[in-house]
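S.K.: My file is model_19.csv. It has CSV, C-alpha atoms and all ligand atoms:
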```csv
chain,number,residue,atom,x,y,z
A,1199,MET,CA,141.7,74.9,14.9
A,1200,GLY,CA,138.7,76.9,16.1
A,1201,ALA,CA,137.2,73.9,17.8
A,1202,TRP,CA,140.5,73.2,19.5
A,1203,LEU,CA,140.9,76.8,20.7
A,1204,ARG,CA,137.4,76.7,22.3
A,1205,LEU,CA,138.2,73.3,23.9
A,1206,ALA,CA,141.3,74.8,25.3
A,1207,GLY,CA,139.2,77.5,27.0
A,1208,ALA,CA,139.8,80.3,24.5
A,1209,THR,CA,137.2,83.1,24.9
A,1210,PRO,CA,135.3,84.4,21.9
A,1211,ALA,CA,137.7,87.4,21.9
A,1212,VAL,CA,140.7,85.1,21.7
A,1213,VAL,CA,139.2,83.1,18.9
A,1214,ARG,CA,138.5,86.3,17.1
A,1215,LEU,CA,142.1,87.4,17.5
A,1216,TRP,CA,143.2,84.2,15.9
A,1217,GLU,CA,140.7,84.7,13.1
A,1218,ILE,CA,142.0,88.2,12.5
A,1219,GLU,CA,145.5,86.9,12.3
A,1220,GLN,CA,144.3,84.4,9.7
A,1221,LEU,CA,142.6,87.2,7.7
A,1222,GLY,CA,146.0,88.9,7.8
A,1223,LEU,CA,147.9,85.9,6.6
A,1224,ALA,CA,145.1,85.1,4.1
A,1225,GLY,CA,145.6,81.4,4.6
A,1226,GLY,CA,142.0,80.6,5.5
A,1227,SER,CA,139.8,80.9,8.6
A,1228,VAL,CA,140.7,79.1,11.8
A,1229,GLU,CA,137.3,77.5,11.5
A,1230,ARG,CA,138.4,75.9,8.2
A,1231,THR,CA,142.0,75.0,9.2
A,1232,SER,CA,142.9,71.4,10.1
A,1233,LEU,CA,144.5,71.2,13.5
A,1234,LEU,CA,146.5,68.2,12.2
A,1235,ALA,CA,147.8,70.2,9.3
A,1236,ALA,CA,148.7,73.1,11.6
A,1237,LEU,CA,150.6,70.8,13.9
A,1238,ARG,CA,152.4,69.3,10.9
A,1239,LYS,CA,153.3,72.7,9.6
A,1240,ASN,CA,154.5,73.9,12.9
A,1241,ALA,CA,156.6,70.8,13.3
A,1242,ALA,CA,158.3,71.3,10.0
A,1243,VAL,CA,158.9,75.0,9.8
A,1244,PRO,CA,162.1,76.4,11.4
A,1245,SER,CA,160.2,78.6,13.9
A,1246,ALA,CA,160.2,78.4,17.7
A,1247,GLY,CA,156.5,79.4,17.9
A,1248,HIS,CA,153.3,79.3,15.8
A,1249,TYR,CA,154.9,80.4,12.5
A,1250,ASP,CA,155.8,83.7,14.1
A,1251,TYR,CA,155.6,87.0,12.3
A,1252,GLU,CA,159.1,87.7,13.4
A,1253,ASP,CA,160.2,84.5,11.6
A,1254,TRP,CA,158.3,84.7,8.3
A,1255,GLU,CA,158.1,88.5,7.9
A,1256,GLY,CA,161.7,89.0,9.1
A,1257,LEU,CA,163.4,87.1,6.2
A,1258,ARG,CA,163.0,88.9,2.9
A,1259,VAL,CA,164.4,88.7,-0.6
A,1260,ALA,CA,166.1,92.1,-0.8
A,1261,GLU,CA,165.0,92.9,-4.3
A,1262,GLY,CA,161.6,91.1,-4.1
A,1263,SER,CA,160.7,87.5,-4.3
A,1264,ALA,CA,160.4,87.4,-8.1
A,1265,THR,CA,164.2,87.8,-8.3
A,1266,VAL,CA,164.5,84.2,-7.0
A,1267,ALA,CA,162.8,82.9,-10.1
A,1268,LEU,CA,164.5,85.4,-12.4
A,1269,ARG,CA,168.0,84.6,-11.2
A,1270,LEU,CA,167.4,80.9,-11.5
A,1271,ALA,CA,166.0,81.4,-15.0
A,1272,GLU,CA,169.1,83.4,-16.1
A,1273,GLY,CA,171.2,80.3,-15.5
A,1274,LEU,CA,168.9,78.1,-17.6
A,1275,GLY,CA,168.8,80.5,-20.6
A,1276,HIS,CA,167.0,79.2,-23.7
A,1277,ARG,CA,165.8,76.1,-21.9
A,1278,VAL,CA,163.0,78.1,-20.3
A,1279,ARG,CA,160.1,78.4,-22.6
A,1280,LEU,CA,157.7,81.2,-21.8
A,1281,GLY,CA,154.1,81.5,-23.1
A,1282,SER,CA,154.0,77.7,-23.6
A,1283,PRO,CA,151.1,76.3,-21.5
A,1284,VAL,CA,151.2,72.5,-21.0
A,1285,GLU,CA,148.0,70.8,-21.9
A,1286,ALA,CA,148.8,67.1,-21.6
A,1287,VAL,CA,151.5,64.9,-20.1
A,1288,THR,CA,152.0,61.2,-20.8
A,1289,VAL,CA,154.3,59.4,-18.5
A,1290,ALA,CA,156.1,56.2,-19.6
A,1291,GLY,CA,159.4,54.6,-18.7
A,1292,GLY,CA,162.3,54.2,-21.1
A,1293,ARG,CA,164.4,56.8,-22.8
A,1294,ALA,CA,162.3,59.7,-24.1
A,1295,GLY,CA,159.2,57.8,-23.1
A,1296,CYS,CA,157.4,60.8,-21.6
A,1297,THR,CA,155.6,63.4,-23.7
A,1298,VAL,CA,154.5,66.9,-22.9
A,1299,ARG,CA,152.0,68.5,-25.2
A,1300,LEU,CA,151.9,72.3,-25.4
A,1301,ALA,CA,149.0,74.5,-26.4
A,1302,GLY,CA,149.2,74.7,-30.2
A,1303,GLY,CA,150.1,71.1,-30.5
A,1304,GLU,CA,153.9,71.0,-30.2
A,1305,THR,CA,155.0,67.8,-28.3
A,1306,LEU,CA,158.2,67.5,-26.3
A,1307,ARG,CA,159.7,64.2,-25.4
A,1308,ALA,CA,161.7,63.4,-22.3
A,1309,SER,CA,162.8,60.6,-20.1
A,1310,ALA,CA,161.3,62.2,-17.0
A,1311,VAL,CA,158.8,64.9,-16.2
A,1312,VAL,CA,159.1,67.3,-13.2
A,1313,CYS,CA,155.8,68.9,-12.6
A,1314,ALA,CA,156.1,72.3,-10.8
A,1315,LEU,CA,152.5,73.5,-11.4
A,1316,PRO,CA,150.3,74.7,-8.6
A,1317,VAL,CA,147.5,72.3,-7.8
A,1318,GLY,CA,144.8,74.5,-9.3
A,1319,PRO,CA,146.2,74.8,-12.9
A,1320,LEU,CA,147.4,71.2,-12.6
A,1321,ARG,CA,143.7,70.1,-12.6
A,1322,GLN,CA,143.4,71.5,-16.1
A,1323,VAL,CA,146.3,69.4,-17.5
A,1324,HIS,CA,145.4,65.9,-18.8
A,1325,ILE,CA,147.9,63.5,-17.2
A,1326,SER,CA,148.1,59.8,-18.1
A,1327,GLY,CA,150.6,57.1,-17.2
A,1328,VAL,CA,150.5,57.7,-13.4
A,1329,SER,CA,148.5,55.9,-10.8
A,1330,ASP,CA,144.9,56.9,-10.0
A,1331,ALA,CA,146.0,57.1,-6.4
A,1332,ARG,CA,148.6,59.7,-7.3
A,1333,LEU,CA,146.2,61.8,-9.4
A,1334,GLY,CA,143.6,61.5,-6.7
A,1335,SER,CA,146.0,62.8,-4.1
A,1336,LEU,CA,147.3,65.7,-6.3
A,1337,HIS,CA,143.7,66.7,-7.2
A,1338,ALA,CA,142.5,66.7,-3.6
A,1339,GLN,CA,144.7,69.6,-2.7
A,1340,ARG,CA,143.3,73.1,-2.5
A,1341,GLN,CA,144.6,76.6,-2.4
A,1342,ALA,CA,143.5,79.6,-0.3
A,1343,ARG,CA,142.5,82.1,-3.0
A,1344,ALA,CA,143.6,85.6,-2.3
A,1345,ALA,CA,144.4,88.9,-4.0
A,1346,LYS,CA,147.2,91.4,-3.4
A,1347,LEU,CA,147.3,95.2,-3.4
A,1348,ALA,CA,150.6,97.1,-3.6
A,1349,VAL,CA,150.6,100.9,-3.2
A,1350,ALA,CA,153.6,103.2,-3.6
A,1351,TYR,CA,153.7,106.6,-1.9
A,1352,ALA,CA,156.1,109.5,-1.9
A,1353,ASP,CA,156.9,108.9,1.7
A,1354,PRO,CA,155.9,106.6,4.6
A,1355,PHE,CA,153.3,109.0,6.0
A,1356,TRP,CA,152.0,106.3,8.4
A,1357,ARG,CA,155.2,106.7,10.5
A,1358,ALA,CA,154.1,110.3,11.6
A,1359,ARG,CA,151.2,108.5,13.4
A,1360,GLY,CA,153.6,106.2,15.2
A,1361,ALA,CA,152.5,103.3,12.9
A,1362,ASN,CA,155.0,100.9,11.3
A,1363,GLY,CA,152.6,100.0,8.5
A,1364,LEU,CA,151.8,96.6,9.9
A,1365,SER,CA,148.1,96.1,10.5
A,1366,GLU,CA,145.5,93.3,10.6
A,1367,SER,CA,141.9,94.1,9.6
A,1368,GLU,CA,138.5,92.6,9.3
A,1369,HIS,CA,137.6,94.7,6.2
A,1370,VAL,CA,138.3,93.7,2.6
A,1371,LEU,CA,142.0,94.1,3.2
A,1372,GLY,CA,143.1,91.5,5.7
A,1373,SER,CA,146.4,93.2,6.5
A,1374,THR,CA,148.9,95.8,5.4
A,1375,TRP,CA,152.6,95.7,5.7
A,1376,PRO,CA,155.5,97.9,4.5
A,1377,GLN,CA,157.1,96.3,1.5
A,1378,GLY,CA,159.8,98.9,1.1
A,1379,TYR,CA,160.6,102.5,2.1
A,1380,ALA,CA,157.2,104.0,1.1
A,1381,VAL,CA,155.4,101.0,-0.3
A,1382,LEU,CA,152.5,99.3,1.5
A,1383,SER,CA,151.3,95.9,0.5
A,1384,ALA,CA,148.0,94.4,1.5
A,1385,LEU,CA,146.4,90.9,1.2
A,1386,ILE,CA,142.7,90.3,0.4
A,1387,PRO,CA,142.0,87.0,2.2
A,1388,PRO,CA,139.9,84.2,0.7
A,1389,GLU,CA,136.9,85.1,2.9
A,1390,ARG,CA,136.9,88.6,1.3
A,1391,LEU,CA,137.9,87.7,-2.3
A,1392,GLY,CA,134.2,87.3,-3.3
A,1393,VAL,CA,133.5,90.7,-1.7
A,1394,LEU,CA,136.3,92.2,-3.7
A,1395,LEU,CA,135.0,90.6,-6.9
A,1396,GLY,CA,131.6,92.1,-6.1
A,1397,ILE,CA,132.9,95.7,-6.1
A,1398,PRO,CA,132.5,97.2,-9.6
A,1399,PRO,CA,136.0,97.2,-11.1
A,1400,GLN,CA,136.1,101.0,-11.5
A,1401,LEU,CA,135.4,101.5,-7.8
A,1402,ARG,CA,137.8,98.8,-6.4
A,1403,GLU,CA,141.0,100.8,-6.1
A,1404,GLN,CA,139.2,103.8,-4.4
A,1405,GLU,CA,137.5,101.5,-1.9
A,1406,LEU,CA,140.7,99.8,-1.0
A,1407,LEU,CA,142.6,103.1,-0.7
A,1408,ARG,CA,139.8,104.3,1.6
A,1409,GLU,CA,140.5,101.4,3.9
A,1410,ILE,CA,144.1,102.3,4.1
A,1411,ALA,CA,143.1,105.9,4.7
A,1412,ASP,CA,140.9,104.8,7.6
A,1413,LEU,CA,144.0,103.2,9.1
A,1414,TYR,CA,146.7,105.8,8.4
A,1415,GLY,CA,145.1,109.0,7.2
A,1416,ASP,CA,143.9,110.6,4.0
A,1417,GLN,CA,147.4,110.8,2.4
A,1418,ALA,CA,146.7,107.1,1.6
A,1419,LEU,CA,144.2,108.4,-1.1
A,1420,HIS,CA,147.0,109.9,-3.2
A,1421,PRO,CA,149.5,107.1,-4.1
A,1422,LEU,CA,152.2,107.4,-6.8
A,1423,ALA,CA,151.3,104.0,-8.1
A,1424,LEU,CA,148.9,101.2,-7.3
A,1425,TYR,CA,148.7,97.6,-8.4
A,1426,LEU,CA,146.0,95.2,-7.7
A,1427,ARG,CA,146.5,91.6,-8.7
A,1428,MET,CA,143.8,89.0,-8.5
A,1429,TRP,CA,146.0,85.9,-7.8
A,1430,GLY,CA,143.0,83.9,-6.7
A,1431,THR,CA,141.3,84.0,-10.1
A,1432,ASP,CA,144.5,84.2,-12.2
A,1433,ARG,CA,144.3,81.3,-14.6
A,1434,TRP,CA,147.9,80.3,-14.1
A,1435,THR,CA,147.9,80.5,-10.3
A,1436,GLN,CA,144.4,80.0,-9.0
A,1437,GLY,CA,145.4,80.7,-5.4
A,1438,TYR,CA,147.9,82.1,-3.0
A,1439,VAL,CA,149.1,79.4,-0.6
A,1440,THR,CA,148.0,75.8,0.1
A,1441,GLN,CA,145.0,75.5,2.4
A,1442,TRP,CA,144.4,72.4,4.5
A,1443,VAL,CA,140.8,72.0,5.8
A,1444,PRO,CA,139.9,69.3,8.2
A,1445,GLY,CA,140.1,65.9,6.4
A,1446,ASP,CA,142.6,67.2,3.7
A,1447,VAL,CA,145.7,65.7,5.3
A,1448,MET,CA,144.3,62.2,5.2
A,1449,ARG,CA,142.6,62.8,1.9
A,1450,VAL,CA,145.8,63.9,0.2
A,1451,GLY,CA,147.5,61.2,2.2
A,1452,PRO,CA,151.1,59.9,2.3
A,1453,LEU,CA,151.6,60.4,-1.5
A,1454,HIS,CA,151.9,64.2,-0.8
A,1455,GLY,CA,155.2,65.6,-2.0
A,1456,THR,CA,156.4,62.2,-3.2
A,1457,HIS,CA,157.3,61.0,-6.7
A,1458,GLU,CA,156.3,58.3,-9.1
A,1459,PRO,CA,159.3,58.0,-11.4
A,1460,PRO,CA,159.7,59.1,-14.1
A,1461,PHE,CA,157.0,61.6,-12.9
A,1462,TYR,CA,158.3,64.0,-10.2
A,1463,VAL,CA,156.5,66.8,-8.4
A,1464,CYS,CA,157.7,70.0,-6.8
A,1465,GLY,CA,156.4,73.5,-5.9
A,1466,SER,CA,155.0,75.1,-2.8
A,1467,ASP,CA,151.9,72.9,-2.8
A,1468,GLN,CA,154.1,69.8,-2.4
A,1469,TRP,CA,155.4,71.0,1.0
A,1470,VAL,CA,153.6,71.0,4.4
A,1471,ALA,CA,153.8,74.8,4.7
A,1472,GLY,CA,153.7,76.1,1.2
A,1473,TYR,CA,155.3,79.4,0.5
A,1474,LEU,CA,158.5,80.2,-1.4
A,1475,GLU,CA,160.4,78.1,1.1
A,1476,GLY,CA,158.3,75.1,0.0
A,1477,ALA,CA,158.9,75.8,-3.6
A,1478,VAL,CA,162.7,75.9,-3.1
A,1479,ARG,CA,162.8,72.9,-0.7
A,1480,THR,CA,160.7,70.7,-3.0
A,1481,GLY,CA,162.5,71.8,-6.1
A,1482,ARG,CA,165.8,70.8,-4.6
A,1483,ALA,CA,164.4,67.5,-3.3
A,1484,ALA,CA,162.9,66.7,-6.7
A,1485,ALA,CA,166.1,67.5,-8.5
A,1486,ALA,CA,168.1,65.3,-6.0
A,1487,ALA,CA,165.6,62.4,-6.4
A,1488,LEU,CA,165.8,62.6,-10.2
A,1489,LEU,CA,169.6,62.8,-10.3
A,1490,SER,CA,170.0,59.9,-8.0
A,1491,ARG,CA,168.3,57.6,-10.6
B,1,LIG,C1,149.9,87.7,-3.1
B,1,LIG,C2,150.9,86.7,-2.6
B,1,LIG,C3,151.7,86.9,-1.6
B,1,LIG,C4,152.7,85.9,-1.2
B,1,LIG,N1,153.5,86.2,-0.2
B,1,LIG,C5,154.5,85.3,0.2
B,1,LIG,C6,155.4,85.6,1.1
B,1,LIG,O1,155.5,86.7,1.7
B,1,LIG,N2,156.4,84.7,1.4
B,1,LIG,C7,156.4,83.5,0.8
B,1,LIG,O2,157.3,82.7,1.1
B,1,LIG,N3,155.5,83.2,-0.1
B,1,LIG,C8,154.5,84.0,-0.5
B,1,LIG,N4,153.6,83.7,-1.4
B,1,LIG,C9,153.5,82.4,-1.9
B,1,LIG,C10,154.6,82.1,-3.0
B,1,LIG,O3,154.5,83.2,-3.9
B,1,LIG,C11,154.3,80.8,-3.6
B,1,LIG,O4,154.3,79.8,-2.6
B,1,LIG,C12,155.4,80.5,-4.7
B,1,LIG,O5,155.5,81.5,-5.6
B,1,LIG,C13,154.9,79.2,-5.4
B,1,LIG,O6,156.0,78.8,-6.2
B,1,LIG,P1,155.8,77.6,-7.2
B,1,LIG,O7,157.0,77.5,-8.0
B,1,LIG,O8,155.3,76.4,-6.4
B,1,LIG,O9,154.5,78.1,-8.1
B,1,LIG,P2,154.4,79.4,-9.0
B,1,LIG,O10,155.4,80.4,-8.5
B,1,LIG,O11,152.9,79.7,-8.9
B,1,LIG,O12,154.9,78.9,-10.4
B,1,LIG,C14,154.1,78.0,-11.1
B,1,LIG,C15,154.3,78.4,-12.6
B,1,LIG,O13,153.5,77.5,-13.4
B,1,LIG,C16,153.0,78.2,-14.5
B,1,LIG,N5,151.9,77.4,-15.0
B,1,LIG,C17,150.7,77.2,-14.6
B,1,LIG,N6,149.9,76.4,-15.4
B,1,LIG,C18,150.8,76.1,-16.4
B,1,LIG,C19,150.7,75.2,-17.5
B,1,LIG,N7,149.5,74.6,-17.8
B,1,LIG,N8,151.7,75.1,-18.3
B,1,LIG,C20,152.9,75.7,-18.1
B,1,LIG,N9,153.1,76.5,-17.0
B,1,LIG,C21,152.0,76.7,-16.2
B,1,LIG,C22,152.6,79.5,-13.9
B,1,LIG,O14,152.5,80.5,-14.9
B,1,LIG,C23,153.7,79.8,-12.9
B,1,LIG,O15,154.8,80.5,-13.6
B,1,LIG,C24,152.7,84.7,-1.9
B,1,LIG,C25,151.8,84.4,-2.9
B,1,LIG,C26,150.9,85.4,-3.3
B,1,LIG,C27,150.0,85.1,-4.5
```
Transcribe the structure of this file into structure tokens.

M.R.:
Amino acid sequence: MGAWLRLAGATPAVVRLWEIEQLGLAGGSVERTSLLAALRKNAAVPSAGHYDYEDWEGLRVAEGSATVALRLAEGLGHRVRLGSPVEAVTVAGGRAGCTVRLAGGETLRASAVVCALPVGPLRQVHISGVSDARLGSLHAQRQARAAKLAVAYADPFWRARGANGLSESEHVLGSTWPQGYAVLSALIPPERLGVLLGIPPQLREQELLREIADLYGDQALHPLALYLRMWGTDRWTQGYVTQWVPGDVMRVGPLHGTHEPPFYVCGSDQWVAGYLEGAVRTGRAAAAALLSR
């Protein structure tokens, strides 16, 4: 992307502007983003422009994204098993030919397996019975590893400065945005995750609040609540959104997002643009493919 911008005559300031936007999105530097992947994403997403803020920031789950998973889980009841990490999957045809081994040794049998794991944790699961090409494709995918800060205040004090809470930044926080009436959320992009990890844990929250204070004033230093979550190093997530660096589209190849019955894949990483939309789209598609057999 960076090379293409320069080829198209972008000045250093314009390239920097794009880089700052990427820090805000936390999806990875323009210098490490495949132009092919970006074009593919832009062709697939329902947006008139370059995945415009108005489009992706304007559509929200009213009670927070987690309610999507929680509502779906309500309908599934006891069939959802929590605290049961999968360690190994064996795929074979025939009735109950597939096995899924959980930590602790319990083995489940099924006629098909739908894998909804992000690509990072998936690399830790031993999978047999699917082609080497499939595993090679799945394991070639990567995630942009980020962290998130959410800070709740008594009131949206930034408005008194004429600010709406949306910012992009080149500090440790790549962006802030209002998540609710008086809640600010912020992303720490992959380029800054190492910097964040380098801050002694007892100093992290204060340093991040200081950055918000530099933007909106010292009231930022006195939140009602603060929550920092290191998604990029979380064992069960190991990321944030899919990242496509130059070469990845061809390396992951045409098997991306496809199935090898009775082994099916879904989840954000299996769609061209990631995100919750990708999780829902690929989940529906995998269910349809499975039910059509
Ligand atoms: C900070 C942050 C901000 C984001 N903001 C947005 C946003 O504004 N809009 C948007 O659309 N998307 C956003 N996303 C991305 C979105 O959250 C993800 O794309 C989406 O949640 C991925 O859904 P998924 O079902 O593919 O994977 P996940 O939601 O990651 O679910 C995978 C599940 O697999 C479990 N798991 C992992 N390993 C194992 C194992 N071995 N055995 C059993 N279970 C396992 C995990 O515990 C997890 O519950 C954000 C993500 C982050 C981290």

S.K.: Neighbours of Glu1389 of chain A within 12 Å (only C-alpha atoms; same-chain residues fewer than 5 positions away dropped), as a list in words?

M.R.: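 The neighbour list is Glu1217, Ile1218, Gln1220, Leu1221, Gly1222, Leu1223, Ala1224, Gly1225, Gly1226, Ser1227, Val1228, Glu1229, Arg1230, Ala1342, Arg1343, Ala1344, Ala1345, Glu1368, His1369, Val1370, Leu1371, Gly1372, Leu1394, Leu1395 and Gly1430 of chain A.
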
S.K.: Please list as a VMD selection string every residue within 10 Å of Val1463 of chain A, counting all atoms listed in the file and excluding residues in the same chain fewer than 4 positions away.

M.R.: chain A and resid 1311 to 1315 1336 1454 to 1459 1467 to 1468 1480 to 1481 1483 to 1485

S.K.: Rounded to one decimal, what separation in Å do you get between atom CA of Gly1275 of chain A and atom CA of Phe1461 of chain A?

M.R.: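 These two atoms are separated by 23.6 Å.
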
S.K.: Nearest residue to ligand LIG 1 (chain B) out of A:Val1349, A:Ala1380, A:Val1393, A:Val1284, using only C-alpha atoms and all ligand atoms?

M.R.: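 Comparing A:Val1349, A:Ala1380, A:Val1393, A:Val1284 against ligand LIG 1 (chain B), the winner is A:Val1284.
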
S.K.: Residues within 7 Å of ligand LIG 1 (chain B) should be enumerated using only C-alpha atoms and all ligand atoms and returned as a VMD selection string.

M.R.: chain A and resid 1255 1282 to 1285 1314 to 1316 1319 to 1320 1323 1344 to 1346 1385 1429 1434 to 1435 1437 to 1439 1464 to 1467 1472 to 1477

S.K.: Report the distance between atom CA of Val1450 of chain A and atom CA of Thr1231 of chain A in Å, rounded to one decimal place.

M.R.: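 So the answer is 14.8 Å.
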
S.K.: Considering all atoms listed in the file, can you say which of A:Gly1334, A:Gly1303, A:Pro1460, A:Gly1378 comes closest to Val1259 of chain A?

M.R.: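 Among A:Gly1334, A:Gly1303, A:Pro1460, A:Gly1378, it is A:Gly1378 that comes nearest to Val1259 of chain A.
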
S.K.: So, counting all atoms listed in the file, which residue among A:Arg1427, A:Arg1293, A:Arg1269, A:Arg1359 is closest to Gly1415 of chain A?

M.R.: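 Comparing A:Arg1427, A:Arg1293, A:Arg1269, A:Arg1359 against Gly1415 of chain A, the winner is A:Arg1359.
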
S.K.: Can you list, as an NGL selection string, every protein, DNA or RNA residue that comes within 10 Å of His1337 of chain A when you count all atoms listed in the file, leaving out same-chain residues fewer than 6 positions away?

M.R.: :A and (1317-1318 or 1320-1321 or 1331 or 1449-1450)

S.K.: In the coordinate frame of the file, compute which residues have an atom within 8 Å of (139.6, 71.9, 16.2) when using only C-alpha atoms, and state them as a list in words.

M.R.: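 Protein, DNA and RNA residues close to (139.6, 71.9, 16.2): Met1199, Gly1200, Ala1201, Trp1202, Leu1203, Leu1205, Glu1229, Ser1232 and Leu1233 of chain A.
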
S.K.: Emit the selected residues as an mmCIF file, keeping the file's coordinate frame, including C-alpha atoms.

M.R.:
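Printed below is out-v9.cif as written:
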```
data_model
loop_
_atom_site.group_PDB
_atom_site.id
_atom_site.type_symbol
_atom_site.label_atom_id
_atom_site.label_comp_id
_atom_site.auth_asym_id
_atom_site.auth_seq_id
_atom_site.Cartn_x
_atom_site.Cartn_y
_atom_site.Cartn_z
ATOM 1 C CA MET A 1199 141.700 74.900 14.900
ATOM 2 C CA GLY A 1200 138.700 76.900 16.100
ATOM 3 C CA ALA A 1201 137.200 73.900 17.800
ATOM 4 C CA TRP A 1202 140.500 73.200 19.500
ATOM 5 C CA LEU A 1203 140.900 76.800 20.700
ATOM 6 C CA LEU A 1205 138.200 73.300 23.900
ATOM 7 C CA GLU A 1229 137.300 77.500 11.500
ATOM 8 C CA SER A 1232 142.900 71.400 10.100
ATOM 9 C CA LEU A 1233 144.500 71.200 13.500
#
```

S.K.: Pick out the residues sitting within 12 Å of segment 1238-1241 of chain A, and hand them over as a list in words; count only C-alpha atoms, and ignore anything fewer than 4 positions along from it in its own chain.

M.R.: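 Selected residues are Thr1231, Ser1232, Leu1233, Leu1234, Ser1245, Ala1246, Gly1247, His1248, Tyr1249, Asp1250, Thr1440, Gln1441, Trp1442, Val1447, Trp1469, Val1470, Ala1471, Gly1472, Tyr1473 and Gly1476 of chain A.
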
S.K.: Select, from A:Glu1403, A:Glu1304, A:Asp1330, A:Glu1219, the residue with the minimum atom-to-atom distance to Ala1348 of chain A, counting all atoms listed in the file.

M.R.: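 Among A:Glu1403, A:Glu1304, A:Asp1330, A:Glu1219, it is A:Glu1403 that comes nearest to Ala1348 of chain A.
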
S.K.: Could you work out how far atom CA of Gln1341 of chain A lies from atom CA of Trp1375 of chain A, giving the answer in Å with one decimal?

M.R.: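 Straight-line distance from atom CA of Trp1375 of chain A to atom CA of Gln1341 of chain A works out to 22.2 Å.
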
S.K.: Taking all atoms listed in the file into account, name the residue in A:Gln1417, A:Ser1365, A:Thr1305, A:Gln1322 that is nearest to Ala1350 of chain A.

M.R.: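 Among the listed residues, A:Gln1417 lies closest to Ala1350 of chain A.
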
S.K.: Residues within 12 Å of Ala1423 of chain A, please, as a PyMOL selection string. Count all atoms listed in the file; anything in the same chain fewer than 2 positions from it doesn't count.

M.R.: chain A and resi 1347-1352+1380-1383+1403+1407+1418-1421+1425-1426

S.K.: For Leu1333 of chain A, which of A:Leu1406, A:Leu1306, A:Leu1453, A:Ala1294 is the closest residue, counting all atoms listed in the file?

M.R.: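 Of the candidates, the smallest distance to Leu1333 of chain A is held by A:Leu1453.
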